[in-house]
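Enquirer: Contents of input28.txt (compact mmCIF, C-alpha atoms and all ligand atoms) are below:
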# COMPACT_ATOMS: atom_id res chain seq x y z
CA MET A 1 49.22 -15.57 -149.33
CA ASN A 2 46.45 -17.74 -147.96
CA SER A 3 43.24 -17.54 -149.89
CA SER A 4 40.07 -17.66 -147.85
CA PRO A 5 37.15 -19.87 -148.94
CA LYS A 6 35.44 -16.69 -150.02
CA ASP A 7 38.15 -16.05 -152.61
CA THR A 8 37.77 -19.50 -154.08
CA ALA A 9 33.98 -19.74 -154.17
CA PRO A 10 32.90 -19.70 -157.82
CA ILE A 11 31.54 -16.38 -159.01
CA ASP A 12 28.20 -16.47 -160.81
CA LEU A 13 28.66 -14.39 -163.95
CA LEU A 14 24.98 -14.45 -164.90
CA GLY A 15 23.96 -11.51 -162.70
CA LEU A 16 26.96 -9.24 -163.29
CA ASN A 17 26.29 -6.09 -165.26
CA ARG A 18 28.84 -4.74 -167.74
CA GLN A 19 30.66 -2.65 -165.15
CA ALA A 20 30.99 -5.52 -162.69
CA LEU A 21 32.13 -7.91 -165.43
CA GLU A 22 34.76 -5.42 -166.59
CA ALA A 23 36.06 -5.08 -163.04
CA PHE A 24 36.18 -8.86 -162.80
CA PHE A 25 38.28 -9.23 -165.96
CA VAL A 26 40.63 -6.42 -164.99
CA GLN A 27 41.18 -8.15 -161.69
CA LEU A 28 42.03 -11.33 -163.63
CA GLY A 29 44.66 -9.33 -165.54
CA GLU A 30 42.54 -9.28 -168.71
CA LYS A 31 41.35 -6.40 -170.85
CA PRO A 32 37.95 -4.91 -169.90
CA PHE A 33 36.54 -5.65 -173.37
CA ARG A 34 36.36 -9.33 -172.42
CA ALA A 35 33.21 -8.29 -170.56
CA ARG A 36 31.57 -7.37 -173.86
CA GLN A 37 32.38 -10.74 -175.36
CA VAL A 38 31.09 -12.65 -172.37
CA LEU A 39 27.90 -10.58 -172.13
CA LYS A 40 27.15 -11.40 -175.76
CA TRP A 41 27.75 -15.09 -175.18
CA ILE A 42 25.65 -15.40 -172.04
CA HIS A 43 22.73 -13.13 -172.82
CA GLY A 44 22.84 -12.63 -176.58
CA HIS A 45 23.53 -16.24 -177.61
CA GLY A 46 22.32 -17.96 -174.45
CA THR A 47 25.57 -19.84 -173.97
CA THR A 48 26.10 -21.45 -170.60
CA GLU A 49 29.33 -23.36 -171.32
CA PHE A 50 32.57 -21.41 -171.01
CA ASP A 51 34.18 -23.80 -173.50
CA ALA A 52 31.79 -22.63 -176.19
CA MET A 53 33.01 -19.03 -175.90
CA THR A 54 35.35 -19.46 -178.82
CA ASP A 55 36.66 -15.90 -179.09
CA LEU A 56 38.29 -16.23 -175.66
CA SER A 57 41.71 -17.85 -175.38
CA LYS A 58 41.86 -21.43 -174.17
CA THR A 59 43.67 -20.30 -171.04
CA LEU A 60 41.00 -17.77 -170.21
CA ARG A 61 38.25 -20.29 -170.83
CA ALA A 62 39.98 -22.69 -168.45
CA GLN A 63 40.25 -19.95 -165.85
CA LEU A 64 36.55 -19.16 -166.15
CA ARG A 65 35.69 -22.83 -165.84
CA GLU A 66 37.67 -23.01 -162.67
CA ARG A 67 36.60 -19.79 -160.98
CA CYS A 68 33.13 -19.04 -162.30
CA LYS A 69 29.71 -20.54 -162.74
CA LEU A 70 26.47 -19.78 -164.55
CA VAL A 71 23.45 -20.83 -162.51
CA LEU A 72 20.08 -20.46 -164.18
CA PRO A 73 16.74 -20.98 -162.52
CA GLU A 74 15.15 -24.20 -163.76
CA VAL A 75 11.79 -24.16 -165.46
CA ALA A 76 9.64 -26.40 -163.28
CA ARG A 77 6.48 -25.88 -165.30
CA SER A 78 5.25 -23.76 -168.16
CA GLN A 79 1.60 -23.08 -168.88
CA ALA A 80 -0.03 -21.38 -171.85
CA SER A 81 -3.30 -19.53 -171.55
CA ARG A 82 -6.05 -19.59 -174.15
CA ASP A 83 -5.22 -15.94 -174.85
CA GLY A 84 -1.52 -16.59 -175.57
CA THR A 85 -0.22 -15.57 -172.14
CA VAL A 86 2.54 -17.88 -170.89
CA LYS A 87 3.42 -18.49 -167.25
CA TRP A 88 6.58 -20.18 -166.07
CA LEU A 89 7.17 -21.58 -162.62
CA MET A 90 10.90 -21.34 -161.99
CA ALA A 91 12.70 -23.43 -159.38
CA LEU A 92 15.61 -21.81 -157.57
CA GLU A 93 18.63 -23.53 -156.08
CA ASP A 94 17.19 -23.48 -152.56
CA GLY A 95 13.84 -25.03 -153.47
CA ASN A 96 11.90 -21.76 -153.61
CA ARG A 97 9.79 -21.19 -156.72
CA ILE A 98 8.84 -17.98 -158.45
CA GLU A 99 6.59 -17.09 -161.36
CA THR A 100 7.23 -15.17 -164.57
CA VAL A 101 4.57 -14.21 -167.11
CA PHE A 102 4.70 -13.28 -170.80
CA ILE A 103 1.81 -11.22 -172.14
CA PRO A 104 1.68 -10.95 -175.95
CA GLU A 105 -0.23 -8.02 -177.40
CA GLU A 106 -0.69 -6.81 -180.95
CA LYS A 107 2.25 -4.45 -181.03
CA ARG A 108 4.33 -5.58 -178.08
CA GLY A 109 5.19 -8.46 -175.82
CA THR A 110 5.63 -7.82 -172.12
CA LEU A 111 7.52 -10.01 -169.72
CA CYS A 112 6.46 -9.65 -166.09
CA VAL A 113 9.36 -10.56 -163.83
CA SER A 114 9.52 -11.33 -160.09
CA SER A 115 11.97 -9.58 -157.77
CA GLN A 116 11.50 -11.42 -154.47
CA VAL A 117 10.33 -14.82 -153.26
CA GLY A 118 6.96 -13.81 -151.83
CA CYS A 119 6.40 -10.30 -150.54
CA ALA A 120 6.50 -8.65 -147.15
CA LEU A 121 4.25 -5.67 -147.87
CA ASN A 122 0.92 -7.39 -147.24
CA CYS A 123 -1.27 -5.37 -149.60
CA ALA A 124 -4.88 -6.22 -148.84
CA PHE A 125 -5.94 -7.27 -152.35
CA CYS A 126 -2.88 -9.24 -153.55
CA ALA A 127 -2.49 -13.02 -153.57
CA THR A 128 1.31 -12.85 -153.35
CA ALA A 129 0.96 -11.20 -149.94
CA ARG A 130 -0.76 -14.31 -148.56
CA GLN A 131 2.36 -16.32 -149.28
CA GLY A 132 4.50 -14.45 -146.79
CA PHE A 133 8.09 -13.52 -147.57
CA SER A 134 11.15 -15.70 -147.97
CA ARG A 135 14.03 -13.70 -149.46
CA ASN A 136 15.30 -11.32 -152.09
CA LEU A 137 16.14 -12.71 -155.51
CA LYS A 138 19.74 -12.42 -156.64
CA ALA A 139 20.41 -10.37 -159.78
CA SER A 140 21.12 -13.66 -161.56
CA GLU A 141 17.69 -15.00 -160.57
CA ILE A 142 15.99 -11.86 -161.88
CA ILE A 143 17.83 -11.76 -165.21
CA GLY A 144 17.59 -15.58 -165.38
CA GLN A 145 13.82 -15.20 -165.86
CA LEU A 146 14.41 -13.07 -168.95
CA TRP A 147 17.16 -15.42 -170.16
CA HIS A 148 14.69 -18.32 -170.15
CA ALA A 149 11.76 -16.44 -171.63
CA TYR A 150 13.97 -15.05 -174.39
CA ARG A 151 15.11 -18.56 -175.32
CA ALA A 152 11.64 -20.08 -175.06
CA LEU A 153 9.90 -17.40 -177.13
CA GLY A 154 12.57 -16.54 -179.68
CA GLU A 155 14.09 -13.23 -180.64
CA GLY A 156 11.93 -10.15 -181.03
CA ARG A 157 8.98 -11.35 -178.97
CA ILE A 158 9.85 -9.56 -175.72
CA THR A 159 9.69 -5.82 -176.30
CA ASN A 160 9.01 -4.73 -172.71
CA VAL A 161 9.92 -5.91 -169.24
CA VAL A 162 7.96 -4.93 -166.14
CA LEU A 163 9.08 -5.70 -162.60
CA MET A 164 5.51 -6.39 -161.59
CA GLY A 165 5.70 -10.04 -160.61
CA MET A 166 6.14 -11.35 -157.09
CA GLY A 167 7.79 -9.02 -154.59
CA GLU A 168 8.59 -5.37 -154.01
CA PRO A 169 11.49 -4.49 -156.35
CA LEU A 170 12.66 -1.44 -154.41
CA LEU A 171 13.19 -3.57 -151.29
CA ASN A 172 15.73 -5.51 -153.39
CA PHE A 173 17.30 -2.40 -154.81
CA ASP A 174 20.83 -3.36 -155.88
CA ALA A 175 19.96 -6.68 -157.48
CA VAL A 176 17.04 -5.10 -159.34
CA VAL A 177 19.18 -2.23 -160.66
CA ASP A 178 21.91 -4.64 -161.80
CA ALA A 179 19.39 -6.85 -163.58
CA MET A 180 17.78 -3.81 -165.25
CA ASP A 181 21.23 -2.69 -166.43
CA LEU A 182 21.51 -6.00 -168.27
CA MET A 183 18.00 -5.67 -169.71
CA MET A 184 18.96 -2.30 -171.22
CA ASP A 185 22.52 -3.23 -172.29
CA ASP A 186 22.83 -3.52 -176.08
CA LEU A 187 25.14 -6.49 -175.71
CA ALA A 188 22.67 -8.34 -173.51
CA TYR A 189 18.95 -7.69 -174.20
CA GLY A 190 19.07 -4.16 -175.58
CA LEU A 191 15.66 -3.01 -174.38
CA ALA A 192 14.92 0.71 -174.58
CA LYS A 193 14.87 2.54 -171.26
CA ARG A 194 11.21 3.37 -171.61
CA ARG A 195 10.44 -0.30 -172.07
CA VAL A 196 11.85 -1.45 -168.75
CA THR A 197 9.55 -0.51 -165.89
CA VAL A 198 9.98 -0.98 -162.19
CA SER A 199 6.80 -0.92 -160.14
CA THR A 200 6.67 -0.03 -156.47
CA ALA A 201 4.05 0.07 -153.76
CA GLY A 202 5.62 3.37 -152.75
CA LEU A 203 8.98 3.30 -151.01
CA ALA A 204 9.57 7.03 -151.19
CA PRO A 205 13.28 7.15 -150.21
CA ALA A 206 14.15 4.37 -152.67
CA ILE A 207 12.50 6.35 -155.47
CA ASP A 208 15.08 9.11 -154.93
CA ARG A 209 17.87 6.53 -155.06
CA LEU A 210 16.44 5.04 -158.23
CA ALA A 211 16.57 8.39 -160.03
CA GLU A 212 20.35 8.31 -159.57
CA ALA A 213 20.94 4.61 -160.17
CA SER A 214 18.86 3.73 -163.24
CA ALA A 215 17.17 5.18 -166.31
CA ALA A 216 14.33 2.65 -166.19
CA SER A 217 10.73 3.85 -166.07
CA LEU A 218 8.71 4.02 -162.89
CA ALA A 219 5.24 2.75 -162.07
CA ILE A 220 3.52 3.37 -158.76
CA SER A 221 0.83 1.12 -157.33
CA LEU A 222 -1.36 3.91 -155.99
CA HIS A 223 -4.84 2.37 -155.55
CA ALA A 224 -6.21 5.05 -153.24
CA THR A 225 -6.43 8.82 -153.05
CA THR A 226 -6.70 9.29 -149.27
CA ASP A 227 -4.23 8.19 -146.62
CA GLU A 228 -7.06 6.61 -144.68
CA LEU A 229 -7.91 4.15 -147.45
CA ARG A 230 -4.35 3.69 -148.67
CA ASP A 231 -3.19 2.79 -145.15
CA GLU A 232 -5.67 -0.07 -145.32
CA LEU A 233 -5.02 -1.26 -148.91
CA VAL A 234 -1.26 -0.68 -149.14
CA PRO A 235 0.06 -0.75 -145.55
CA ILE A 236 3.50 0.68 -146.48
CA ASN A 237 1.54 3.94 -146.80
CA ARG A 238 1.60 4.22 -143.00
CA LYS A 239 5.36 4.66 -143.29
CA TYR A 240 5.42 6.79 -146.44
CA PRO A 241 2.09 8.62 -146.70
CA LEU A 242 0.72 10.03 -149.94
CA ALA A 243 2.22 13.52 -149.63
CA GLU A 244 5.69 12.05 -149.15
CA LEU A 245 5.26 9.52 -151.96
CA LEU A 246 3.95 12.09 -154.44
CA ALA A 247 6.76 14.52 -153.59
CA ALA A 248 9.32 11.77 -154.30
CA CYS A 249 7.58 11.03 -157.61
CA GLN A 250 7.69 14.67 -158.58
CA ARG A 251 11.42 14.83 -157.88
CA PHE A 252 11.90 11.59 -159.80
CA ILE A 253 10.21 12.71 -162.98
CA GLN A 254 12.17 15.98 -162.96
CA SER A 255 15.50 14.20 -162.58
CA ASP A 256 18.06 14.19 -165.41
CA LYS A 257 17.49 10.68 -166.69
CA GLN A 258 13.70 11.08 -166.79
CA ARG A 259 13.23 14.37 -168.67
CA GLY A 260 10.17 14.31 -170.90
CA ARG A 261 8.89 11.02 -169.55
CA LYS A 262 5.83 10.06 -167.50
CA ILE A 263 5.12 8.07 -164.38
CA THR A 264 2.63 5.23 -164.75
CA TRP A 265 0.06 4.94 -161.98
CA GLU A 266 -1.53 1.60 -161.32
CA TYR A 267 -4.96 1.73 -159.76
CA VAL A 268 -6.79 -1.49 -158.97
CA MET A 269 -10.55 -1.11 -159.36
CA LEU A 270 -12.31 -2.44 -156.26
CA ASP A 271 -16.09 -2.40 -156.23
CA GLY A 272 -17.44 0.14 -153.76
CA VAL A 273 -14.01 0.69 -152.20
CA ASN A 274 -12.04 3.11 -154.40
CA ASP A 275 -14.07 3.44 -157.60
CA SER A 276 -16.45 6.38 -157.03
CA ALA A 277 -16.58 9.58 -159.09
CA ALA A 278 -15.26 11.42 -156.02
CA ASP A 279 -12.23 9.07 -155.97
CA ALA A 280 -11.57 9.83 -159.63
CA ARG A 281 -11.77 13.58 -159.02
CA ARG A 282 -9.41 13.32 -156.05
CA LEU A 283 -6.99 11.36 -158.22
CA VAL A 284 -7.06 14.12 -160.83
CA LYS A 285 -6.15 16.64 -158.14
CA ARG A 286 -3.41 14.51 -156.61
CA LEU A 287 -1.67 13.97 -159.95
CA SER A 288 -2.26 17.39 -161.44
CA ARG A 289 1.38 18.46 -161.28
CA ILE A 290 3.04 15.19 -162.31
CA PRO A 291 3.42 14.04 -165.96
CA SER A 292 1.35 10.88 -165.73
CA LYS A 293 -0.37 8.03 -167.44
CA ILE A 294 -2.90 6.01 -165.54
CA ASN A 295 -3.52 2.30 -165.78
CA LEU A 296 -6.77 1.07 -164.26
CA ILE A 297 -6.57 -2.60 -163.29
CA PRO A 298 -9.86 -4.47 -162.87
CA PHE A 299 -9.40 -6.47 -159.67
CA ASN A 300 -8.54 -10.14 -160.15
CA ARG A 301 -10.17 -12.44 -157.63
CA PHE A 302 -8.48 -15.17 -155.67
CA ALA A 303 -9.77 -17.56 -153.01
CA GLY A 304 -10.51 -15.93 -149.70
CA THR A 305 -10.51 -12.30 -150.83
CA PRO A 306 -13.35 -10.10 -149.62
CA TYR A 307 -12.98 -7.72 -152.59
CA ARG A 308 -14.94 -7.66 -155.83
CA ARG A 309 -14.10 -6.20 -159.21
CA SER A 310 -15.70 -2.84 -160.02
CA THR A 311 -18.55 -2.97 -162.50
CA PRO A 312 -17.75 -2.08 -166.13
CA GLN A 313 -19.94 1.02 -165.68
CA ALA A 314 -17.94 2.19 -162.65
CA ILE A 315 -14.65 1.64 -164.49
CA GLU A 316 -15.96 3.52 -167.52
CA ARG A 317 -17.14 6.46 -165.38
CA PHE A 318 -13.82 6.56 -163.53
CA GLN A 319 -11.84 6.50 -166.77
CA ALA A 320 -14.02 9.19 -168.34
CA ILE A 321 -13.28 11.63 -165.49
CA LEU A 322 -9.54 11.07 -165.85
CA VAL A 323 -9.61 11.38 -169.64
CA GLU A 324 -11.71 14.53 -169.38
CA ALA A 325 -9.02 16.00 -167.11
CA GLY A 326 -6.41 15.26 -169.78
CA PHE A 327 -4.80 12.06 -168.45
CA LEU A 328 -3.86 9.26 -170.81
CA THR A 329 -5.81 6.45 -169.13
CA THR A 330 -5.97 2.81 -170.11
CA VAL A 331 -7.88 -0.09 -168.63
CA ARG A 332 -5.63 -3.12 -168.30
CA ARG A 333 -7.17 -6.06 -170.08
CA THR A 334 -7.18 -9.09 -167.82
CA ARG A 335 -4.85 -11.68 -169.31
CA GLY A 336 -3.98 -15.25 -168.46
CA GLU A 337 -6.74 -15.58 -165.87
CA ASP A 338 -7.32 -19.25 -166.71
CA ILE A 339 -3.76 -20.06 -165.62
CA ASP A 340 -3.73 -17.69 -162.61
CA ALA A 341 -1.25 -15.41 -164.36
CA ALA A 342 -3.15 -12.14 -164.00
CA CYS A 343 -2.01 -9.20 -161.84
CA GLY A 344 -1.95 -10.09 -158.19
CA GLN A 345 -2.41 -13.81 -158.81
CA LEU A 346 1.24 -14.90 -158.80
CA VAL A 347 2.12 -17.16 -155.91
CA GLY A 348 5.01 -19.52 -156.84
CA LYS A 349 6.08 -21.67 -153.93
CA VAL A 350 7.43 -19.67 -151.06
CA GLN A 351 9.32 -21.15 -148.18
CA ALA A 352 8.19 -18.27 -146.04
CA LYS A 353 10.27 -17.02 -143.17
CA SER A 354 7.63 -14.51 -142.24
CA ARG A 355 3.88 -14.71 -142.60
CA PRO A 356 1.63 -11.71 -142.98
CA ARG A 357 -0.51 -10.89 -139.98
CA PRO A 358 -4.08 -11.92 -140.74
CA ARG A 359 -6.34 -8.98 -141.48
CA HIS A 360 -9.45 -8.47 -139.47
CA SER A 361 -11.62 -8.63 -142.56
CA VAL A 362 -9.99 -11.69 -144.10
CA GLN A 363 -9.83 -15.23 -142.84
CA ALA A 364 -6.31 -16.61 -142.72
CA LEU A 365 -6.06 -19.39 -145.28
CA PRO A 366 -3.56 -22.21 -145.58
CA VAL A 367 -1.23 -21.53 -148.51
CA GLU A 368 -2.58 -24.48 -150.51
CA ALA A 369 -6.07 -23.05 -150.38
CA VAL A 370 -5.06 -19.83 -152.10
CA LYS A 371 -4.48 -21.36 -155.53
N1 LIG B 401 5.24 -4.64 -155.25
C1 LIG B 401 5.26 -3.93 -156.50
C2 LIG B 401 5.32 -4.87 -157.70
C3 LIG B 401 4.08 -5.72 -157.89
S1 LIG B 401 3.27 -5.11 -159.28
C4 LIG B 401 4.09 -3.01 -156.58
O1 LIG B 401 3.25 -3.05 -155.69
O2 LIG B 401 4.03 -2.19 -157.48
C5 LIG B 401 1.77 -5.95 -159.29
C6 LIG B 401 0.62 -5.02 -159.59
O3 LIG B 401 -0.62 -5.74 -159.56
C7 LIG B 401 0.52 -3.94 -158.55
O4 LIG B 401 0.08 -2.75 -159.08
C8 LIG B 401 -0.50 -4.54 -157.63
O5 LIG B 401 -1.06 -3.58 -156.82
C9 LIG B 401 -1.47 -5.14 -158.61
N2 LIG B 401 -2.32 -6.17 -158.01
C10 LIG B 401 -2.05 -6.91 -156.92
N3 LIG B 401 -3.07 -7.73 -156.65
C11 LIG B 401 -4.00 -7.52 -157.60
C12 LIG B 401 -5.26 -8.12 -157.88
N4 LIG B 401 -5.74 -9.08 -157.13
N5 LIG B 401 -5.93 -7.67 -158.96
C13 LIG B 401 -5.41 -6.71 -159.74
N6 LIG B 401 -4.22 -6.13 -159.53
C14 LIG B 401 -3.52 -6.53 -158.47
Is it possible to express this structure as structure tokens?
Ligand code: SAH

Expert:
Amino acid sequence: MNSSPKDTAPIDLLGLNRQALEAFFVQLGEKPFRARQVLKWIHGHGTTEFDAMTDLSKTLRAQLRERCKLVLPEVARSQASRDGTVKWLMALEDGNRIETVFIPEEKRGTLCVSSQVGCALNCAFCATARQGFSRNLKASEIIGQLWHAYRALGEGRITNVVLMGMGEPLLNFDAVVDAMDLMMDDLAYGLAKRRVTVSTAGLAPAIDRLAEASAASLAISLHATTDELRDELVPINRKYPLAELLAACQRFIQSDKQRGRKITWEYVMLDGVNDSAADARRLVKRLSRIPSKINLIPFNRFAGTPYRRSTPQAIERFQAILVEAGFLTTVRRTRGEDIDAACGQLVGKVQAKSRPRPRHSVQALPVEAVK
């Protein structure tokens, strides 16, 4: 039988979840439990050399050397903020660069992971949008960010992972689900389901798929309570308007894997745009039938943005209305601002294939000027 080049191209084992690894070993004529051993080596011990996997036979190690590879993103730069936040710039094989952020808090440590190089959704208040979009990350490039952070920080530091870095995770569905499988696999990173959160700007149909495919938690970047404003701030709303999005969220939180859990709503606080008492009351109404917690995010500025952060008084008033209505509501503390690691500030280095259309209210800026 002739083998095509496709058959002989080395397989990257880094991004394979347990199921895919088991299938791989079975196809090699090995027992499925080899997958468990290899998962432990790669993710648990951080081993990248097949020869070091000493509980595999020499023959199997030789086979892996020949047919497989382990390609990790390279850390091009790491920066530490005064407040303990760490940001890594990771270089990918094709020259693109993405950013990953670690945010230590008193009782937990959260790693914020990117899912795409750039982003195509063009949200009005986000720096990543200005970069344009290059491509989806592979599962190996998503889990590779955690692999590095885990090694750099040491065991026990990362208690939570959020897919809130560059990109729209649900537009890279399969790779994101595979990577989250590894995050939650006891033999890899062993994070609890509640502690892995995927955040979306609101791709309603993908939310239904997610309910089937993963037990991870869901966060929605809501930011507005009327379609008119949301169309402007989060343009994907024109495709999936609020009623459709909220219906998908309701189905999601009632699905088998999510029983008893809550959806997190992210709401960026923009001065004079979405921060009035009337906005807060509309939000209460919109979310009244969905088990929810709300995270208010004071807007983080970047060069060229026309928006300003809401005043502390406006944020306090907004929060008070939500709390009064019974919603668990937190205000996200801005972290890592001195190293441009705060929400919406991640830019990496994107070899963009598509550029966002300039908005009427915003001057188009050269990429260099954004940072
Ligand atoms: N595309 C996904 C994942 C990105 S998460 C999503 O939209 O959910 C990044 C979070 O930071 C989102 O809630 C986003 O709306 C928010 N954000 C973006 N720009 C921001 C800014 N300049 N200040 C504060 N939050 C911002």

Enquirer: Would you compute the distance between atom CA of Arg108 of chain A and atom CA of Tyr150 of chain A? Give it in Å to one decimal.

Expert: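 Interatomic distance here is 14.0 Å.
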
Enquirer: What's the 9 Å shell around segment 171-184 of chain A, counting all atoms listed in the file, without same-chain residues fewer than 5 positions away, as JSON, numbers by chain?

Expert: {"A": [15, 16, 17, 18, 39, 43, 115, 116, 136, 137, 138, 139, 140, 141, 142, 143, 146, 161, 163, 189, 190, 191, 192, 193, 195, 196, 197, 198, 203, 206, 209, 210, 213, 214, 215, 216]}

Enquirer: Determine, using only C-alpha atoms, which residues of segment 260-286 of chain A have any atom at most 8 Å from an atom of segment 218-222 of chain A, and tabulate each with its shortest atom pair and distance in Å to one decimal place, rows ordered by chain and then rising number, as JSON lines.

Expert:
{"residue": "A:Ile263", "atom": "CA", "partner": "A:Leu218", "partner_atom": "CA", "distance": 5.6}
{"residue": "A:Thr264", "atom": "CA", "partner": "A:Ala219", "partner_atom": "CA", "distance": 4.5}
{"residue": "A:Trp265", "atom": "CA", "partner": "A:Ile220", "partner_atom": "CA", "distance": 5.0}
{"residue": "A:Glu266", "atom": "CA", "partner": "A:Ser221", "partner_atom": "CA", "distance": 4.7}
{"residue": "A:Tyr267", "atom": "CA", "partner": "A:Leu222", "partner_atom": "CA", "distance": 5.7}

Enquirer: Skip Glu212 of chain A itself and residues of its chain fewer than 5 positions away, then list as JSON, numbers by chain all residues within 12 Å of it, counting only C-alpha atoms.

Expert: {"A": [177, 205, 206, 207, 251, 252, 253, 254, 255, 256, 257, 258]}

Enquirer: What does the distance between atom CA of Gly165 of chain A and atom CA of Arg97 of chain A come to in Å, to one decimal place?

Expert: 12.5 Å

Enquirer: Chain A near ligand LIG 401 (chain B) within 8 Å: what's each residue's closest atom pair and its distance in Å to one decimal, counting all atoms listed in the file, ordered by chain then ascending residue number, as a tab-separated table?

Expert:
residue	atom	partner	partner_atom	distance
A:Cys119	CA	B:LIG401	N1	7.5
A:Leu121	CA	B:LIG401	N1	7.5
A:Cys123	CA	B:LIG401	O5	7.4
A:Phe125	CA	B:LIG401	N4	5.1
A:Cys126	CA	B:LIG401	N3	3.5
A:Ala127	CA	B:LIG401	N3	6.1
A:Thr128	CA	B:LIG401	N3	7.5
A:Leu163	CA	B:LIG401	C2	6.2
A:Met164	CA	B:LIG401	S1	3.5
A:Gly165	CA	B:LIG401	C3	5.4
A:Met166	CA	B:LIG401	C3	6.0
A:Gly167	CA	B:LIG401	N1	5.1
A:Glu168	CA	B:LIG401	N1	3.6
A:Pro169	CA	B:LIG401	C1	6.3
A:Val198	CA	B:LIG401	C2	7.6
A:Ser199	CA	B:LIG401	O2	4.0
A:Thr200	CA	B:LIG401	O2	3.6
A:Ala201	CA	B:LIG401	O1	3.8
A:Gly202	CA	B:LIG401	O1	7.4
A:Ala219	CA	B:LIG401	O2	6.9
A:Ile220	CA	B:LIG401	O2	5.7
A:Ser221	CA	B:LIG401	O4	4.3
A:Leu222	CA	B:LIG401	O4	7.5
A:His223	CA	B:LIG401	O5	7.2
A:Glu266	CA	B:LIG401	O4	5.2
A:Tyr267	CA	B:LIG401	O4	6.8
A:Val268	CA	B:LIG401	N6	5.3
A:Met269	CA	B:LIG401	C13	7.6
A:Ile297	CA	B:LIG401	C13	5.6
A:Pro298	CA	B:LIG401	C13	5.9
A:Phe299	CA	B:LIG401	N5	3.7
A:Asn300	CA	B:LIG401	N5	3.8
A:Arg301	CA	B:LIG401	N4	5.6
A:Phe302	CA	B:LIG401	N4	6.8
A:Ala342	CA	B:LIG401	C13	7.3
A:Cys343	CA	B:LIG401	O3	4.4
A:Gly344	CA	B:LIG401	N3	3.0
A:Gln345	CA	B:LIG401	N4	6.0

Enquirer: Distance atom CA of Phe318 of chain A-atom CA of Asp275 of chain A, one decimal place?

Expert: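 Taking atom CA of Phe318 of chain A as the start and atom CA of Asp275 of chain A as the end point, the length is 6.7 Å.
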
Enquirer: Taking only residues of segment 56-154 of chain A that have an atom at most 9 Å from an atom of segment 330-340 of chain A, what is each one's shortest atom pair and its distance in Å to one decimal, using only C-alpha atoms, in chain and number order, as a tab-separated table?

Expert:
residue	atom	partner	partner_atom	distance
A:Gln79	CA	A:Ile339	CA	7.0
A:Ala80	CA	A:Ile339	CA	7.4
A:Ser81	CA	A:Gly336	CA	5.3
A:Arg82	CA	A:Gly336	CA	7.4
A:Asp83	CA	A:Gly336	CA	6.5
A:Gly84	CA	A:Gly336	CA	7.6
A:Thr85	CA	A:Gly336	CA	5.3
A:Val86	CA	A:Gly336	CA	7.4
A:Lys87	CA	A:Ile339	CA	7.5
A:Val101	CA	A:Gly336	CA	8.7
A:Ile103	CA	A:Arg335	CA	7.3

Enquirer: Now that the selection is made, can you save its residues with C-alpha atoms as a PDB file, in the frame of the given file?

Expert:
ATOM      1  CA  GLN A  79       1.600 -23.080-168.880  1.00  0.00           C
ATOM      2  CA  ALA A  80      -0.030 -21.380-171.850  1.00  0.00           C
ATOM      3  CA  SER A  81      -3.300 -19.530-171.550  1.00  0.00           C
ATOM      4  CA  ARG A  82      -6.050 -19.590-174.150  1.00  0.00           C
ATOM      5  CA  ASP A  83      -5.220 -15.940-174.850  1.00  0.00           C
ATOM      6  CA  GLY A  84      -1.520 -16.590-175.570  1.00  0.00           C
ATOM      7  CA  THR A  85      -0.220 -15.570-172.140  1.00  0.00           C
ATOM      8  CA  VAL A  86       2.540 -17.880-170.890  1.00  0.00           C
ATOM      9  CA  LYS A  87       3.420 -18.490-167.250  1.00  0.00           C
ATOM     10  CA  VAL A 101       4.570 -14.210-167.110  1.00  0.00           C
ATOM     11  CA  ILE A 103       1.810 -11.220-172.140  1.00  0.00           C
TER      12      ILE A 103
END

Enquirer: A:Thr47, A:Thr305, A:Asn96, A:Gln37: which is nearest Glu22 of chain A, counting all atoms listed in the file?

Expert: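 Nearest candidate to Glu22 of chain A out of A:Thr47, A:Thr305, A:Asn96, A:Gln37: A:Gln37.
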
Enquirer: List the spatial neighbours of Arg34 of chain A as number ranges by chain - criterion: any atom at most 12 Å away, all atoms listed in the file, same-chain residues fewer than 5 positions off excluded.

Expert: A: 18-29, 39-41, 53, 55-57, 60-61, 64

Enquirer: Residues proximal to (11.5, -26.3, -155.8) were defined as those with any atom within 12 Å of that point in the file's coordinates, counting all atoms listed in the file. Which are they, as an NGL selection string?

Expert: :A and (73-77 or 89-99 or 117 or 348-351)

Enquirer: List every protein, DNA or RNA residue with an atom no more than 9 Å from (17.0, -15.0, -174.7) in the file's coordinates, counting all atoms listed in the file, and format the result as a PyMOL selection string.

Expert: chain A and resi 43-46+146-155+188-189

Enquirer: For a quick check of understanding, using only C-alpha atoms, which of A:Val323, A:Ala120, A:Ile42, A:Ala341 has the smallest distance to Pro235 of chain A?

Expert: A:Ala120

Enquirer: I'd like to know which of A:Asn274, A:Ser134, A:Gln145, A:Gln319 is closest to Lys353 of chain A, using only C-alpha atoms.

Expert: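 Among the listed residues, the smallest separation from Lys353 of chain A belongs to A:Ser134.
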